[in-house]
Amino acid sequence: MIDKTVPDVAAAVADIADGSTVMIGGFGRAGQPVELIDALIAHGARDLTVVNNNAGNGDTGLAALLKAGQVRKMICSFPRQSDSWVFDGLYRDGKIELELVPQGNLAERIRAAGAGIGGFFTPTGFGTQLAEGKETRRIDGRDYVLEYPIHADVALISARRADRWGNLVYRETARNFGPIMAAAAKTTVVQVDEIVPLGDLDPEAVITPGLYVDRVVAVGERRWLHDGVFVGGVDIEGRPLARNGADA
Amino acid sequence: MIDKTVPDVAAAVADIADGSTVMIGGFGRAGQPVELIDALIAHGARDLTVVNNNAGNGDTGLAALLKAGQVRKMICSFPRQSDSWVFDGLYRDGKIELELVPQGNLAERIRAAGAGIGGFFTPTGFGTQLAEGKETRRIDGRDYVLEYPIHADVALISARRADRWGNLVYRETARNFGPIMAAAAKTTVVQVDEIVPLGDLDPEAVITPGLYVDRVVAVGERRWLHDGVFVGGVDIEGRPLARNGADA
Amino acid sequence: MTTRVSRTALAARVASDIPEGAVVNLGIGAPTLVADYLPEGLEIVLHTENGMLGMGPAPAEGSVDPDLINAGKQPVTALAGAAYFHHADSFAMMRGGHLDVCVLGAFQVSASGDLANWSTGEPGAIPAVGGAMDLAIGAKDVYVMTDLLTKQGAPKLVETCTYPLTGVGCVSRVYTDHGVFDVTPDGFRVRELFGDNTHAEIEELLGLTLIERGA
Amino acid sequence: MTTRVSRTALAARVASDIPEGAVVNLGIGAPTLVADYLPEGLEIVLHTENGMLGMGPAPAEGSVDPDLINAGKQPVTALAGAAYFHHADSFAMMRGGHLDVCVLGAFQVSASGDLANWSTGEPGAIPAVGGAMDLAIGAKDVYVMTDLLTKQGAPKLVETCTYPLTGVGCVSRVYTDHGVFDVTPDGFRVRELFGDNTHAEIEELLGLTLIERGA
């Protein structure tokens with residue numbers, strides 16, 4: 001029997017080695033695999049290269065991983081946000097490297113890694129600082145930059161549901177980088193709200209087929225859902241709202 | 001109100017010009033937009049370049065389009081099948097050109113057209129006749145061939161359901177080339193079993209978002225379905241089975 | 001004194017140029033305001049590059065869904081007809097030219113349509129580009145929405161950008177607080193001047209020669 | 001007289017090397033037989049490049065679904081755990097190295113692992129490649145299943161392919177009716193000889209030097 005489920009997040013990340021390149025899903029907080037990141041912090045792997053669209057928000061999740069000093073280099077498109085103070089400090093102190101990639105090129109380079117493409121010509125970034133030193137070519141009257149795939153040792157992503165084969169479905173815009181990172185990494189670890197019996201996921205609606213997934217771990221339903229139905233009652237960061245008259 | 005539905009297949013293909021490049025969905029018979037092809041035959045556009053995985057089966061669908069003498073060139077991966085006698089005859093008589101493309105490169109070239117990629121390095125075909133004269137490059141120890149996108153004027157595809165915005169869901173392996181052809185053509189025309197009210201398709205399970213689709217036309221449920229449920233009773237070509245004791 | 005329209009009036013002006021059925025990406029910041037002025041009753045499909053078409057307005061209080069956000073990481077809703085997709089598919093849509101309109105902010109736009117909107121090149125600033133370079137080439141028409149002048153009075157429509165470029169020759173039209181300008185092969189052409197603004201006044205403010213409206 | 005196993009016995013031999021959990025693509029023709037010999041009770045995930053993982057056996061009579069076919073355009077079924085995807089995603093899986101095993105037929109395999117299986121180069125034949133070149137590079141292990149000799153007695157394991165290549169250096173192992181051979185950096189190495197076949201006999205049939213089993 002194929003069973004990719006693991007009992008807890010500690011087991012899910014236990015073999016991540018120092019010096020690994022780790023893709024971490026999520027766009028801002030949506031789809032960020034917070035429980036897996038916390039496990040990676042507890043695990044303590046160091047000298048990591050992390051690929052994510054951003055460079056952490058507030059003091060939790062990816063920001064906490066940065067704060068723990070485990071990350072040598074960030075590959076991302078948008079490290080500068082109003083609440084990215086952890087990265088800001090490390091960067092200004094020269095304690096972290098940054099490779100800045102336009103968001104669509106970041107996504108396409110990750111996709112290329114999973115798809116076995118050795119390089120591709122993209123129009124994005126042509127003629128800008130971010131293409132300096134890169135090979136360019138005019139094809140059919142349009143200018144392109146040659147970009148290469150970004151491979152990873154490990155991907156940590158989050159999804160809504162999995163089955164024991166590792167098939168995944170996501171929820172809304174939390175899907176973001178999950179499917180392409182799952183394909184680009186040697187080992188893909190997924191946290192989900194729940195693991196459902198094999199056959200429960202509609203094969204027409206599976207977004208990440210199980211062959212891209214190595215481990216799945218259930219972390220329980222997020223606060224804004226109840227039995228799969230959106231119930232609200234949180235702010236944009238997922239924190240419970242103070243209720244009228246309640247002792248929040 | 002956005003309404004991409006058109007009343008019939010004749011209206012759906014009425015503006016296809018002589019000399020167009022036309023992508024036609026389907027892998028063998030699965031997903032082949034037979035009613036749209038028949039409409040294209042009736043319409044009579046000539047001197048077409050057709051992109052499809054195969055080059056027609058039997059005497060219907062794409063084979064009938066070839067037989068009608070409307071196709072100047074086929075771009076495909078596998079024109080030689082047991083029942084591809086129409087193409088075989090035309091090819092041996094020197095009446096049709098052939099560009100042979102490995103199936104995965106065909107798919108990726110179509111995908112690249114839709115995705116705005118100017119070219120990509122693929123390992124498939126390296127060192128073979130089908131890469132002769134093409135640019136090659138060794139990247140990270142692996143050899144690649146540079147391939148370019150295949151754009152089209154029109155895509156004719158089939159799907160299971162659409163809404164009036166042109167969002168599409170497919171059925172099983174009939175999905176095949178539909179989503180990538182829809183994105184690669186200037187004008188995409190889709191035949192579906194049924195058009196459902198806006199909002200009836202699950203946004204998590206829409207495979208082709210409506211922005212890739214220009215026209216949808218309902219052609220009725222296929223014989224092996226009844227109210228969306230598989231009822232069988234056909235052979236692999238979709239012809240009704242003779243029933244025991246029935247006068248088939 | 002020249003006539004300047006407010007940011008919301010300008011958003012309404014941009015919105016009035018977007019036809020029914022258009023697929024539109026509204027960049028972070030001022031362009032987001034355009035959504036509030038899209039004509040009632042017309043169906044316009046909003047794309048957000050983090051992975052959705054058919055984006056609707058902000059949710060009611062208490063119904064904020066952290067999984068459903070826009071590119072600015074603000075809560076949004078989904079309309080009937082929406083679809084979700086992953087990041088590579090989302091940026092393929094833009095790069096492949098499937099969006100009709102992107103509306104973006106700018107530091108500078110050049111007469112040849114170059115856009116600078118991602119970096120002031122200030123030493124010590126942490127660089128961040130996000131989707132700016134993808135958006136710049138990401139639609140059949142790229143509209144810029146901006147003030148004509150910086151707060152210090154420097155022109156934002158220029159012969160050649162001095163700030164780091166976001167994209168080359170990508171802008172088709174610039175909506176400013178003073179008027180609207182098309183980018184043509186021969187430079188900026190006046191499309192509309194607000195209030196009593198005259199061609200000569202705007203040329204003087206910019207220190208640029210502009211092509212006459214309708215020419 | 002050398003020992004030759006039947007095609008079905010060979011299919012069973014290939015099947016016995018496929019571990020539980022493997023994701024496997026079985027090429028058109030003889031490799032398709034391997035499916036019938038996969039060990040009962042083990043979960044092995046079959047990929048068909050026309051867009052599905054979790055392919056099941058042929059349907060019952062009367063339940064043929066024209067929408068649900070394999071790469072050979074034969075009717076199949078879907079197992080619990082199946083997933084559908086489009087052609088670009090399907091070939092990305094192969095090209096990206098996500099399949100564990102592909103089993104393919106061959107006209108010739110060279111000592112360096114080159115594969116020729118798509119064209120005999122016969123003048124006048126209509127060329128057709130399908131997914132052959134993608135499958136050749138489409139898995140961590142590419143197994144070839146073939147007779148050792150052609151019907152005319154010519155070796156199919158050769159120093160250098162004379163037929164047009166499908167892929168360069170892509171084959172990892174060859175299952176033949178006479179025995180099983182691994183492709184190593186130094187050429188073919190005997191893995192197993194069926195029946196009483198001896199190393200010397202096979203070398204003579206092939207006119208090739210083979211590396212000893214276990215060497």
# chains A, B, ... in the order shown; residues from 1 in each chain; ligands from 1

call {"tool": "interface_residues", "arguments": {"of": "chain B", "to": "chain D", "cutoff": "9 Å", "atoms": "only C-alpha atoms", "output": "count of residues only"}}
result
57

call {"tool": "calpha_fit_and_write", "arguments": {"fixed": "chain A", "moving": "chain B", "output": "CSV table (one decimal) with C-alpha atoms, in the first residue's frame"}}
result
chain,number,residue,atom,x,y,z
B,1,MET,CA,0.0,0.0,0.0
B,2,ILE,CA,1.3,3.4,-0.9
B,3,ASP,CA,1.0,5.6,2.2
B,4,LYS,CA,2.7,9.0,2.1
B,5,THR,CA,1.2,10.2,5.3
B,6,VAL,CA,3.5,10.9,8.2
B,7,PRO,CA,2.3,11.3,11.8
B,8,ASP,CA,3.6,14.8,12.6
B,9,VAL,CA,5.4,17.8,11.2
B,10,ALA,CA,8.6,16.9,13.0
B,11,ALA,CA,8.8,13.6,11.1
B,12,ALA,CA,7.9,15.4,7.9
B,13,VAL,CA,11.0,17.6,8.0
B,14,ALA,CA,13.4,15.4,9.9
B,15,ASP,CA,15.8,14.7,7.0
B,16,ILE,CA,16.3,18.3,5.8
B,17,ALA,CA,20.1,18.7,5.6
B,18,ASP,CA,22.1,21.8,6.3
B,19,GLY,CA,22.8,23.7,3.1
B,20,SER,CA,19.6,22.6,1.4
B,21,THR,CA,17.7,24.7,-1.0
B,22,VAL,CA,14.1,24.8,0.4
B,23,MET,CA,11.1,26.1,-1.5
B,24,ILE,CA,8.4,27.4,0.7
B,25,GLY,CA,5.0,27.9,-0.7
B,26,GLY,CA,2.7,30.7,0.0
B,27,PHE,CA,2.1,34.3,-1.2
B,28,GLY,CA,2.3,36.4,1.8
B,29,ARG,CA,0.4,34.4,4.4
B,30,ALA,CA,-1.9,32.7,2.1
B,31,GLY,CA,-0.8,29.1,1.6
B,32,GLN,CA,2.3,29.5,3.8
B,33,PRO,CA,3.0,26.2,5.5
B,34,VAL,CA,3.4,27.7,8.9
B,35,GLU,CA,3.4,24.4,10.9
B,36,LEU,CA,6.1,22.9,8.6
B,37,ILE,CA,8.2,26.0,8.9
B,38,ASP,CA,7.9,25.8,12.7
B,39,ALA,CA,9.0,22.2,12.5
B,40,LEU,CA,12.0,23.2,10.4
B,41,ILE,CA,12.9,25.8,13.0
B,42,ALA,CA,12.8,23.2,15.7
B,43,HIS,CA,14.7,20.8,13.5
B,44,GLY,CA,17.4,23.4,13.2
B,45,ALA,CA,18.8,22.9,9.7
B,46,ARG,CA,21.1,25.8,8.8
B,47,ASP,CA,22.8,27.5,5.9
B,48,LEU,CA,19.6,27.2,3.9
B,49,THR,CA,18.7,28.8,0.6
B,50,VAL,CA,15.0,29.6,0.7
B,51,VAL,CA,12.8,30.2,-2.3
B,52,ASN,CA,9.5,32.1,-1.7
B,53,ASN,CA,7.7,35.0,-3.3
B,54,ASN,CA,8.4,37.2,-0.2
B,55,ALA,CA,10.8,37.2,2.7
B,56,GLY,CA,8.5,36.8,5.6
B,57,ASN,CA,5.8,38.8,7.4
B,58,GLY,CA,5.8,39.8,11.0
B,59,ASP,CA,7.6,37.5,13.3
B,60,THR,CA,6.0,34.1,12.5
B,61,GLY,CA,6.4,31.5,9.7
B,62,LEU,CA,9.2,32.3,7.2
B,63,ALA,CA,10.1,35.4,9.2
B,64,ALA,CA,10.7,33.3,12.3
B,65,LEU,CA,12.9,31.0,10.2
B,66,LEU,CA,15.0,34.0,9.1
B,67,LYS,CA,15.1,35.3,12.6
B,68,ALA,CA,16.5,31.9,13.8
B,69,GLY,CA,19.5,32.5,11.6
B,70,GLN,CA,19.0,29.4,9.5
B,71,VAL,CA,18.8,31.1,6.1
B,72,ARG,CA,21.9,32.0,4.1
B,73,LYS,CA,20.2,33.2,1.0
B,74,MET,CA,16.7,34.2,-0.1
B,75,ILE,CA,15.5,33.9,-3.7
B,76,CYS,CA,12.3,35.9,-4.0
B,77,SER,CA,10.5,38.6,-5.9
B,78,PHE,CA,9.3,40.9,-3.2
B,79,PRO,CA,11.2,41.0,0.1
B,80,ARG,CA,10.3,44.5,1.1
B,81,GLN,CA,6.9,44.7,2.8
B,82,SER,CA,5.5,46.8,5.6
B,83,ASP,CA,6.0,43.9,8.0
B,84,SER,CA,9.2,42.4,6.7
B,85,TRP,CA,11.3,43.8,9.5
B,86,VAL,CA,13.1,40.6,10.2
B,87,PHE,CA,14.5,40.3,6.6
B,88,ASP,CA,15.1,44.0,6.5
B,89,GLY,CA,17.4,43.9,9.5
B,90,LEU,CA,19.3,40.8,8.4
B,91,TYR,CA,19.8,42.3,4.9
B,92,ARG,CA,21.0,45.6,6.2
B,93,ASP,CA,23.4,43.9,8.5
B,94,GLY,CA,24.8,41.9,5.6
B,95,LYS,CA,23.7,38.6,7.2
B,96,ILE,CA,21.6,37.3,4.3
B,97,GLU,CA,22.1,37.2,0.5
B,98,LEU,CA,19.3,38.1,-1.8
B,99,GLU,CA,18.6,37.0,-5.4
B,100,LEU,CA,15.8,39.1,-6.7
B,101,VAL,CA,13.7,37.6,-9.5
B,102,PRO,CA,10.6,39.1,-11.2
B,103,GLN,CA,7.6,37.2,-9.9
B,104,GLY,CA,6.6,35.6,-13.2
B,105,ASN,CA,10.1,34.6,-14.0
B,106,LEU,CA,10.3,33.1,-10.5
B,107,ALA,CA,7.2,31.1,-11.2
B,108,GLU,CA,8.3,30.0,-14.7
B,109,ARG,CA,11.8,29.1,-13.5
B,110,ILE,CA,10.3,26.9,-10.8
B,111,ARG,CA,7.9,25.4,-13.4
B,112,ALA,CA,10.8,24.8,-15.7
B,113,ALA,CA,12.7,22.8,-13.0
B,114,GLY,CA,9.7,20.5,-12.6
B,115,ALA,CA,9.1,20.2,-16.3
B,116,GLY,CA,12.7,19.2,-17.3
B,117,ILE,CA,13.2,22.4,-19.3
B,118,GLY,CA,16.8,23.5,-19.4
B,119,GLY,CA,16.2,27.2,-20.0
B,120,PHE,CA,13.7,29.5,-21.6
B,121,PHE,CA,13.4,32.8,-23.3
B,122,THR,CA,11.2,35.2,-21.4
B,123,PRO,CA,10.3,38.8,-22.3
B,124,THR,CA,9.9,39.8,-18.7
B,125,GLY,CA,12.8,41.9,-17.4
B,126,PHE,CA,14.4,42.5,-20.8
B,127,GLY,CA,16.2,45.8,-20.8
B,128,THR,CA,16.2,46.1,-17.0
B,129,GLN,CA,18.8,45.8,-14.3
B,130,LEU,CA,17.5,42.4,-13.4
B,131,ALA,CA,18.6,41.1,-16.8
B,132,GLU,CA,22.0,42.6,-16.7
B,133,GLY,CA,24.7,40.1,-17.8
B,134,LYS,CA,22.1,37.6,-19.0
B,135,GLU,CA,21.9,36.3,-22.5
B,136,THR,CA,19.2,37.9,-24.7
B,137,ARG,CA,17.8,37.2,-28.0
B,138,ARG,CA,15.3,38.7,-30.5
B,139,ILE,CA,12.8,36.2,-31.6
B,140,ASP,CA,10.1,37.1,-34.1
B,141,GLY,CA,10.6,40.8,-33.4
B,142,ARG,CA,10.3,40.5,-29.6
B,143,ASP,CA,13.2,40.7,-27.2
B,144,TYR,CA,13.8,38.0,-24.6
B,145,VAL,CA,16.1,37.1,-21.8
B,146,LEU,CA,17.3,33.5,-21.2
B,147,GLU,CA,16.4,32.2,-17.8
B,148,TYR,CA,17.3,28.9,-16.1
B,149,PRO,CA,15.3,26.6,-13.9
B,150,ILE,CA,15.4,26.8,-10.1
B,151,HIS,CA,15.6,23.4,-8.6
B,152,ALA,CA,15.3,22.6,-4.9
B,153,ASP,CA,16.1,19.8,-2.5
B,154,VAL,CA,12.9,20.2,-0.5
B,155,ALA,CA,9.6,21.9,-1.0
B,156,LEU,CA,7.4,22.7,2.0
B,157,ILE,CA,3.9,23.6,0.9
B,158,SER,CA,0.4,23.6,2.2
B,159,ALA,CA,-2.9,22.4,0.6
B,160,ARG,CA,-6.5,21.8,1.6
B,161,ARG,CA,-6.8,18.1,1.3
B,162,ALA,CA,-4.6,15.1,0.4
B,163,ASP,CA,-5.1,11.4,0.0
B,164,ARG,CA,-2.5,8.8,0.9
B,165,TRP,CA,-1.1,8.8,-2.6
B,166,GLY,CA,-0.3,12.4,-2.2
B,167,ASN,CA,-2.9,13.8,-4.5
B,168,LEU,CA,-3.7,17.4,-3.5
B,169,VAL,CA,-6.4,20.0,-3.8
B,170,TYR,CA,-5.9,23.5,-2.7
B,171,ARG,CA,-8.2,26.3,-1.6
B,172,GLU,CA,-8.7,29.6,-3.5
B,173,THR,CA,-5.6,31.8,-3.9
B,174,ALA,CA,-3.7,29.7,-1.3
B,175,ARG,CA,-2.9,27.5,-4.3
B,176,ASN,CA,-0.3,30.0,-5.6
B,177,PHE,CA,3.2,28.4,-5.7
B,178,GLY,CA,2.2,25.0,-4.3
B,179,PRO,CA,1.8,23.0,-7.6
B,180,ILE,CA,4.9,24.2,-9.2
B,181,MET,CA,7.1,23.9,-6.1
B,182,ALA,CA,5.9,20.4,-5.5
B,183,ALA,CA,7.2,19.5,-9.0
B,184,ALA,CA,10.5,21.3,-8.7
B,185,ALA,CA,11.9,19.7,-5.5
B,186,LYS,CA,13.5,16.4,-5.0
B,187,THR,CA,11.5,15.9,-1.9
B,188,THR,CA,8.0,17.5,-1.4
B,189,VAL,CA,6.4,17.8,2.0
B,190,VAL,CA,2.9,18.9,2.3
B,191,GLN,CA,0.8,20.0,5.2
B,192,VAL,CA,-3.0,19.7,4.7
B,193,ASP,CA,-6.1,20.4,6.7
B,194,GLU,CA,-7.1,16.8,6.3
B,195,ILE,CA,-6.2,13.5,4.7
B,196,VAL,CA,-9.2,11.9,3.0
B,197,PRO,CA,-9.6,8.3,1.9
B,198,LEU,CA,-8.2,7.3,-1.5
B,199,GLY,CA,-10.8,7.9,-4.1
B,200,ASP,CA,-12.5,10.8,-2.3
B,201,LEU,CA,-10.7,13.4,-4.4
B,202,ASP,CA,-12.3,14.0,-7.8
B,203,PRO,CA,-9.7,12.9,-10.4
B,204,GLU,CA,-10.9,15.8,-12.6
B,205,ALA,CA,-10.1,18.3,-9.9
B,206,VAL,CA,-6.8,17.0,-8.5
B,207,ILE,CA,-4.4,19.9,-8.9
B,208,THR,CA,-1.2,18.2,-7.8
B,209,PRO,CA,-1.0,14.5,-8.7
B,210,GLY,CA,0.6,12.4,-6.1
B,211,LEU,CA,3.7,11.6,-8.0
B,212,TYR,CA,5.0,15.0,-7.1
B,213,VAL,CA,4.5,14.5,-3.3
B,214,ASP,CA,6.6,12.5,-0.9
B,215,ARG,CA,5.0,13.2,2.5
B,216,VAL,CA,1.7,14.6,3.7
B,217,VAL,CA,0.9,15.5,7.2
B,218,ALA,CA,-2.5,16.7,8.5
B,219,VAL,CA,-2.4,19.7,10.7
B,220,GLY,CA,-6.1,20.2,11.3
B,221,GLU,CA,-8.6,22.5,9.8
B,222,ARG,CA,-7.8,26.2,9.8
B,223,ARG,CA,-9.8,28.5,12.0
B,224,TRP,CA,-11.9,30.0,9.3
B,225,LEU,CA,-13.3,26.7,8.1
B,226,HIS,CA,-15.6,24.2,9.8
B,227,ASP,CA,-16.1,20.8,8.1
B,228,GLY,CA,-14.8,22.3,4.9
B,229,VAL,CA,-17.3,25.3,4.9
B,230,PHE,CA,-16.1,28.8,5.3
B,231,VAL,CA,-17.2,30.2,8.6
B,232,GLY,CA,-15.2,33.4,8.8
B,233,GLY,CA,-14.6,35.0,12.1
B,234,VAL,CA,-10.9,35.8,11.5
B,235,ASP,CA,-8.9,38.7,10.3
B,236,ILE,CA,-6.7,38.6,7.2
B,237,GLU,CA,-3.9,37.0,9.3
B,238,GLY,CA,-6.2,34.3,10.5
B,239,ARG,CA,-6.5,35.6,14.0
B,240,PRO,CA,-9.9,35.2,15.7
B,241,LEU,CA,-12.0,38.4,15.6
B,242,ALA,CA,-13.0,39.9,19.0
B,243,ARG,CA,-16.7,39.3,19.3
B,244,ASN,CA,-19.1,41.9,20.5
B,245,GLY,CA,-19.6,41.4,24.2
B,246,ALA,CA,-17.3,38.5,24.3
B,247,ASP,CA,-14.2,38.5,26.5
B,248,ALA,CA,-11.7,38.4,23.5

call {"tool": "select_by_dssp", "arguments": {"residues": "stretch 53-82 of chain B", "states": "alpha helix (DSSP H)", "output": "ChimeraX atom specification"}}
result
/B:62-67

call {"tool": "closest_residue", "arguments": {"among": "C:Ala30, C:Leu46, C:Cys161, C:Val190", "to": "C:Gly105", "atoms": "only C-alpha atoms"}}
result
C:Ala30

call {"tool": "select_by_dssp", "arguments": {"residues": "stretch 85-122 of chain B", "states": "strand (DSSP E or B)", "output": "ChimeraX atom specification"}}
result
/B:97-100,119-122

call {"tool": "atom_distance", "arguments": {"atom1": "atom CA of D:His199", "atom2": "atom CA of D:Phe181"}}
result
11.2 Å

call {"tool": "atom_distance", "arguments": {"atom1": "atom CA of C:Pro31", "atom2": "atom CA of C:Lys151"}}
result
18.6 Å

call {"tool": "atom_distance", "arguments": {"atom1": "atom CA of C:His178", "atom2": "atom CA of C:Trp118"}}
result
23.0 Å

call {"tool": "residues_around", "arguments": {"residues": "C:Phe107", "least_positions_apart": "5", "cutoff": "9 Å", "atoms": "only C-alpha atoms", "output": "list of chain:residue names"}}
result
C:Leu115, C:Ala116, C:Asn117, C:Trp118, C:Ser119, C:Thr120, C:Thr146, C:Thr150, C:Lys156, C:Leu157, C:Cys161, C:Tyr163
